[in-house]
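Novice: Okay, so here is coords33.cif, and as you'll see once you scroll down, it has mmCIF, C-alpha atoms, pLDDT in the B column; chains and numbers go by the auth columns.
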data_my_file
loop_
_atom_site.group_PDB
_atom_site.id
_atom_site.type_symbol
_atom_site.label_atom_id
_atom_site.label_comp_id
_atom_site.label_asym_id
_atom_site.label_seq_id
_atom_site.Cartn_x
_atom_site.Cartn_y
_atom_site.Cartn_z
_atom_site.B_iso_or_equiv
_atom_site.auth_seq_id
_atom_site.auth_asym_id
ATOM 1 C CA MET A 1 14.450 -169.154 40.343 55.00 1 A
ATOM 2 C CA SER A 2 15.584 -169.566 43.905 78.00 2 A
ATOM 3 C CA ILE A 3 15.382 -166.039 45.306 91.00 3 A
ATOM 4 C CA ASP A 4 12.689 -164.739 47.628 96.00 4 A
ATOM 5 C CA ILE A 5 11.000 -162.232 45.313 96.00 5 A
ATOM 6 C CA GLU A 6 9.148 -160.433 48.111 97.00 6 A
ATOM 7 C CA ASP A 7 12.399 -159.837 49.987 97.00 7 A
ATOM 8 C CA PHE A 8 14.254 -158.889 46.779 98.00 8 A
ATOM 9 C CA ASN A 9 11.494 -156.438 45.819 98.00 9 A
ATOM 10 C CA ALA A 10 11.393 -154.832 49.291 98.00 10 A
ATOM 11 C CA ARG A 11 15.191 -154.364 49.427 98.00 11 A
ATOM 12 C CA TRP A 12 15.243 -153.003 45.871 98.00 12 A
ATOM 13 C CA LEU A 13 12.403 -150.523 46.491 98.00 13 A
ATOM 14 C CA ALA A 14 14.162 -149.339 49.663 98.00 14 A
ATOM 15 C CA LYS A 15 17.145 -148.337 47.490 98.00 15 A
ATOM 16 C CA TRP A 16 14.772 -146.409 45.231 98.00 16 A
ATOM 17 C CA SER A 17 13.379 -144.570 48.282 98.00 17 A
ATOM 18 C CA GLU A 18 16.930 -143.810 49.456 98.00 18 A
ATOM 19 C CA LYS A 19 17.892 -142.569 45.964 98.00 19 A
ATOM 20 C CA ASP A 20 20.941 -144.824 46.272 98.00 20 A
ATOM 21 C CA VAL A 21 22.319 -145.104 42.726 98.00 21 A
ATOM 22 C CA ALA A 22 25.283 -147.319 43.661 98.00 22 A
ATOM 23 C CA GLY A 23 23.056 -149.571 45.769 98.00 23 A
ATOM 24 C CA LEU A 24 20.465 -149.850 43.010 98.00 24 A
ATOM 25 C CA LEU A 25 23.011 -150.741 40.352 98.00 25 A
ATOM 26 C CA LYS A 26 23.952 -153.818 42.414 98.00 26 A
ATOM 27 C CA PHE A 27 20.479 -155.181 41.625 98.00 27 A
ATOM 28 C CA TYR A 28 20.910 -154.814 37.842 98.00 28 A
ATOM 29 C CA SER A 29 22.980 -156.844 35.376 98.00 29 A
ATOM 30 C CA ALA A 30 25.759 -155.065 33.469 97.00 30 A
ATOM 31 C CA ASP A 31 23.710 -155.284 30.255 97.00 31 A
ATOM 32 C CA THR A 32 20.318 -154.525 31.808 98.00 32 A
ATOM 33 C CA VAL A 33 17.507 -152.927 29.835 98.00 33 A
ATOM 34 C CA TYR A 34 15.423 -150.349 31.711 98.00 34 A
ATOM 35 C CA ARG A 35 12.203 -148.623 30.573 98.00 35 A
ATOM 36 C CA ASP A 36 9.887 -146.195 32.308 97.00 36 A
ATOM 37 C CA PRO A 37 7.559 -143.371 31.151 95.00 37 A
ATOM 38 C CA GLN A 38 10.516 -140.952 30.947 93.00 38 A
ATOM 39 C CA ALA A 39 12.679 -143.466 29.055 95.00 39 A
ATOM 40 C CA PRO A 40 10.069 -145.358 26.980 92.00 40 A
ATOM 41 C CA ASP A 41 12.575 -146.487 24.353 95.00 41 A
ATOM 42 C CA GLY A 42 14.751 -147.867 27.103 96.00 42 A
ATOM 43 C CA LEU A 43 18.256 -147.567 28.410 97.00 43 A
ATOM 44 C CA LYS A 44 20.777 -150.330 27.947 98.00 44 A
ATOM 45 C CA GLY A 45 23.581 -151.093 30.324 98.00 45 A
ATOM 46 C CA GLU A 46 24.676 -150.224 33.820 95.00 46 A
ATOM 47 C CA GLU A 47 26.452 -146.993 32.816 97.00 47 A
ATOM 48 C CA ALA A 48 23.405 -145.542 31.029 98.00 48 A
ATOM 49 C CA LEU A 49 21.107 -146.562 33.881 98.00 49 A
ATOM 50 C CA GLY A 50 23.427 -145.047 36.494 98.00 50 A
ATOM 51 C CA ALA A 51 23.582 -141.708 34.649 98.00 51 A
ATOM 52 C CA TYR A 52 19.805 -141.699 34.228 98.00 52 A
ATOM 53 C CA LEU A 53 19.170 -142.483 37.908 98.00 53 A
ATOM 54 C CA LYS A 54 21.530 -139.730 39.068 98.00 54 A
ATOM 55 C CA GLN A 55 19.749 -137.169 36.885 97.00 55 A
ATOM 56 C CA LEU A 56 16.332 -138.484 37.935 97.00 56 A
ATOM 57 C CA PHE A 57 17.106 -138.433 41.652 97.00 57 A
ATOM 58 C CA ASP A 58 18.690 -134.970 41.454 97.00 58 A
ATOM 59 C CA SER A 59 15.525 -133.582 39.857 96.00 59 A
ATOM 60 C CA THR A 60 12.783 -135.253 41.921 96.00 60 A
ATOM 61 C CA PRO A 61 11.504 -134.618 45.437 97.00 61 A
ATOM 62 C CA PRO A 62 11.704 -137.343 48.090 97.00 62 A
ATOM 63 C CA ILE A 63 9.644 -140.393 47.171 97.00 63 A
ATOM 64 C CA HIS A 64 8.903 -143.298 49.484 98.00 64 A
ATOM 65 C CA TYR A 65 8.181 -146.590 47.709 98.00 65 A
ATOM 66 C CA ALA A 66 6.198 -149.221 49.603 97.00 66 A
ATOM 67 C CA PRO A 67 5.858 -152.743 48.184 97.00 67 A
ATOM 68 C CA HIS A 68 2.278 -153.964 47.890 97.00 68 A
ATOM 69 C CA GLU A 69 2.168 -157.293 46.018 96.00 69 A
ATOM 70 C CA THR A 70 4.443 -159.466 43.927 97.00 70 A
ATOM 71 C CA TRP A 71 3.610 -162.158 41.412 97.00 71 A
ATOM 72 C CA LYS A 72 6.183 -164.699 40.283 96.00 72 A
ATOM 73 C CA THR A 73 6.628 -165.156 36.541 96.00 73 A
ATOM 74 C CA ALA A 74 8.560 -167.822 34.654 95.00 74 A
ATOM 75 C CA ASN A 75 11.713 -165.680 34.626 96.00 75 A
ATOM 76 C CA GLY A 76 11.207 -163.038 37.313 97.00 76 A
ATOM 77 C CA PHE A 77 8.254 -161.231 38.835 98.00 77 A
ATOM 78 C CA CYS A 78 5.788 -158.404 38.581 98.00 78 A
ATOM 79 C CA GLY A 79 5.665 -156.144 41.598 98.00 79 A
ATOM 80 C CA ARG A 80 3.044 -153.563 42.502 97.00 80 A
ATOM 81 C CA TRP A 81 4.034 -150.703 44.768 98.00 81 A
ATOM 82 C CA TYR A 82 2.653 -147.438 46.078 98.00 82 A
ATOM 83 C CA ALA A 83 4.691 -144.265 46.330 98.00 83 A
ATOM 84 C CA THR A 84 4.252 -141.148 48.413 97.00 84 A
ATOM 85 C CA ILE A 85 5.873 -138.108 46.828 97.00 85 A
ATOM 86 C CA SER A 86 6.722 -135.286 49.254 97.00 86 A
ATOM 87 C CA MET A 87 6.481 -132.021 47.331 94.00 87 A
ATOM 88 C CA PRO A 88 8.590 -128.981 48.283 94.00 88 A
ATOM 89 C CA ASP A 89 5.470 -127.071 49.435 96.00 89 A
ATOM 90 C CA GLY A 90 4.673 -129.807 51.968 94.00 90 A
ATOM 91 C CA THR A 91 1.888 -131.445 49.987 96.00 91 A
ATOM 92 C CA LYS A 92 1.988 -135.088 49.055 96.00 92 A
ATOM 93 C CA SER A 93 0.960 -136.879 45.906 96.00 93 A
ATOM 94 C CA LEU A 94 0.418 -140.584 45.476 97.00 94 A
ATOM 95 C CA MET A 95 1.331 -143.009 42.750 97.00 95 A
ATOM 96 C CA ARG A 96 0.804 -146.695 42.065 98.00 96 A
ATOM 97 C CA GLY A 97 3.336 -148.540 39.972 97.00 97 A
ATOM 98 C CA PHE A 98 4.057 -151.929 38.528 97.00 98 A
ATOM 99 C CA ASP A 99 7.471 -153.274 37.673 98.00 99 A
ATOM 100 C CA LEU A 100 7.946 -156.097 35.226 98.00 100 A
ATOM 101 C CA VAL A 101 11.248 -157.669 36.247 98.00 101 A
ATOM 102 C CA VAL A 102 13.126 -160.313 34.293 98.00 102 A
ATOM 103 C CA LEU A 103 15.939 -161.855 36.294 98.00 103 A
ATOM 104 C CA GLU A 104 19.168 -163.459 35.218 96.00 104 A
ATOM 105 C CA GLY A 105 20.372 -165.235 38.327 94.00 105 A
ATOM 106 C CA ASN A 106 19.848 -162.680 41.082 95.00 106 A
ATOM 107 C CA ARG A 107 20.254 -159.602 38.844 97.00 107 A
ATOM 108 C CA ILE A 108 17.663 -157.644 36.876 98.00 108 A
ATOM 109 C CA LYS A 109 18.097 -158.195 33.133 98.00 109 A
ATOM 110 C CA LEU A 110 14.965 -156.236 32.146 98.00 110 A
ATOM 111 C CA ASN A 111 12.923 -153.728 34.142 98.00 111 A
ATOM 112 C CA GLU A 112 9.820 -152.078 32.698 98.00 112 A
ATOM 113 C CA VAL A 113 7.995 -149.584 34.917 98.00 113 A
ATOM 114 C CA TYR A 114 4.357 -148.520 34.591 97.00 114 A
ATOM 115 C CA VAL A 115 2.894 -145.802 36.845 97.00 115 A
ATOM 116 C CA HIS A 116 -0.476 -144.224 37.614 95.00 116 A
ATOM 117 C CA ASN A 117 -1.457 -141.330 39.851 95.00 117 A
ATOM 118 C CA VAL A 118 -3.920 -142.364 42.559 96.00 118 A
ATOM 119 C CA ALA A 119 -6.050 -140.495 45.091 95.00 119 A
ATOM 120 C CA ARG A 120 -5.280 -142.835 47.978 93.00 120 A
ATOM 121 C CA ILE A 121 -3.221 -145.829 49.005 92.00 121 A
ATOM 122 C CA PRO A 122 -5.441 -148.773 49.941 87.00 122 A
ATOM 123 C CA ASP A 123 -5.235 -150.337 53.385 79.00 123 A
#
Would you mind writing the file out in structure tokens?

Specialist:
Amino acid sequence: MSIDIEDFNARWLAKWSEKDVAGLLKFYSADTVYRDPQAPDGLKGEEALGAYLKQLFDSTPPIHYAPHETWKTANGFCGRWYATISMPDGTKSLMRGFDLVVLEGNRIKLNEVYVHNVARIPD
């Protein structure tokens, strides 16, 4: 694997923060598999992921994702991030997440997302 995973992860998370469906899909392979707590059985393919992301982004408040750490694996990486969710009433909630990312070249072939609510973001 010859990509800079920290740079890849930071650019990818920025697209999540921007809710940029078209920009995000450029990171995924055409036959990607995506899983998160709202899609635990997974979505397969760029079209299904794009439709899911549009619905997700339309129904969620602004969320800022900040990369924290990445760990290289044999075929990709695991990335930990923290998210600040800006609620409509002005309050904020915090979340920590981990992405398991399997790469095929420079595209995501598999993305599994695990999230936890947290009380604070560490320094």

Novice: Excluding same-chain residues fewer than 2 positions from segment 80-83 of chain A, what lies within 6 Å of it counting all atoms listed in the file, as a PyMOL selection string?

Specialist: chain A and resi 64-69+94-98

Novice: Quick one: residues within 6 Å of Asp99 of chain A, all atoms listed in the file counted, chain neighbours fewer than 5 positions away excluded, as a ChimeraX atom specification?

Specialist: /A:78-79,112-113

Novice: Run the PyMOL selection byres ((chain A and resi 61) around 6) mentally over the shown coordinates, then write out the matched residues as a count of residues only, using the chain letters and numbers from the document.

Specialist: 3

Novice: At most 10 Å from (15.1, -149.6, 28.2), file frame, only C-alpha atoms: which residues, as a ChimeraX atom specification?

Specialist: /A:32-36,39-45,48-49,110-113

Novice: Give me a file of those residues, with C-alpha atoms, as a PDB file, in the coordinates of the input.

Specialist:
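That gives us again.pdb:
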ATOM      1  CA  THR A  32      20.318-154.525  31.808  1.00 98.00           C
ATOM      2  CA  VAL A  33      17.507-152.927  29.835  1.00 98.00           C
ATOM      3  CA  TYR A  34      15.423-150.349  31.711  1.00 98.00           C
ATOM      4  CA  ARG A  35      12.203-148.623  30.573  1.00 98.00           C
ATOM      5  CA  ASP A  36       9.887-146.195  32.308  1.00 97.00           C
ATOM      6  CA  ALA A  39      12.679-143.466  29.055  1.00 95.00           C
ATOM      7  CA  PRO A  40      10.069-145.358  26.980  1.00 92.00           C
ATOM      8  CA  ASP A  41      12.575-146.487  24.353  1.00 95.00           C
ATOM      9  CA  GLY A  42      14.751-147.867  27.103  1.00 96.00           C
ATOM     10  CA  LEU A  43      18.256-147.567  28.410  1.00 97.00           C
ATOM     11  CA  LYS A  44      20.777-150.330  27.947  1.00 98.00           C
ATOM     12  CA  GLY A  45      23.581-151.093  30.324  1.00 98.00           C
ATOM     13  CA  ALA A  48      23.405-145.542  31.029  1.00 98.00           C
ATOM     14  CA  LEU A  49      21.107-146.562  33.881  1.00 98.00           C
ATOM     15  CA  LEU A 110      14.965-156.236  32.146  1.00 98.00           C
ATOM     16  CA  ASN A 111      12.923-153.728  34.142  1.00 98.00           C
ATOM     17  CA  GLU A 112       9.820-152.078  32.698  1.00 98.00           C
ATOM     18  CA  VAL A 113       7.995-149.584  34.917  1.00 98.00           C
TER      19      VAL A 113
END

Novice: Would you compute an axis-aligned box for segment 98-117 of chain A, covering every atom listed for it in the file with 6 Å of margin on each side, and report centre and edge lengths in Å to one decimal as lines of an AutoDock Vina configuration file?

Specialist:
center_x = 9.5
center_y = -153.3
center_z = 36.6
size_x = 33.8
size_y = 35.9
size_z = 20.9

Novice: Neighbouring residues of Leu25 of chain A were defined as those with any atom within 10 Å, considering all atoms listed in the file; residues of the same chain fewer than 2 positions away were excluded. Please report them as a PyMOL selection string.

Specialist: chain A and resi 12+15+20-23+27-30+32+46-47+49-50+53+107-108

Novice: Taking the file as shown, what set of residues would the PyMOL selection byres ((chain A and resi 2-6) around 8) give back, as a list in words?

Specialist: Met1, Asp7, Phe8, Asn9, Ala10, Glu69, Thr70, Lys72, Phe77 and Asn106 of chain A

Novice: Take atom CA of Lys92 of chain A and atom CA of Ala51 of chain A and report the distance between them in Å, one decimal.

Specialist: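 One can read the atom CA of Lys92 of chain A to atom CA of Ala51 of chain A distance as 26.8 Å.
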
Novice: Env of Leu103 of chain A: 6 Å cut, atoms = all atoms listed in the file, seq-sep filter 5 positions within chain, self excluded. Answer as a PyMOL selection string.

Specialist: chain A and resi 75-76+108-109

Novice: Would you work out the distance separating atom CA of Ser59 of chain A from atom CA of Leu24 of chain A, expressed in Å to one decimal?

Specialist: 17.3 Å
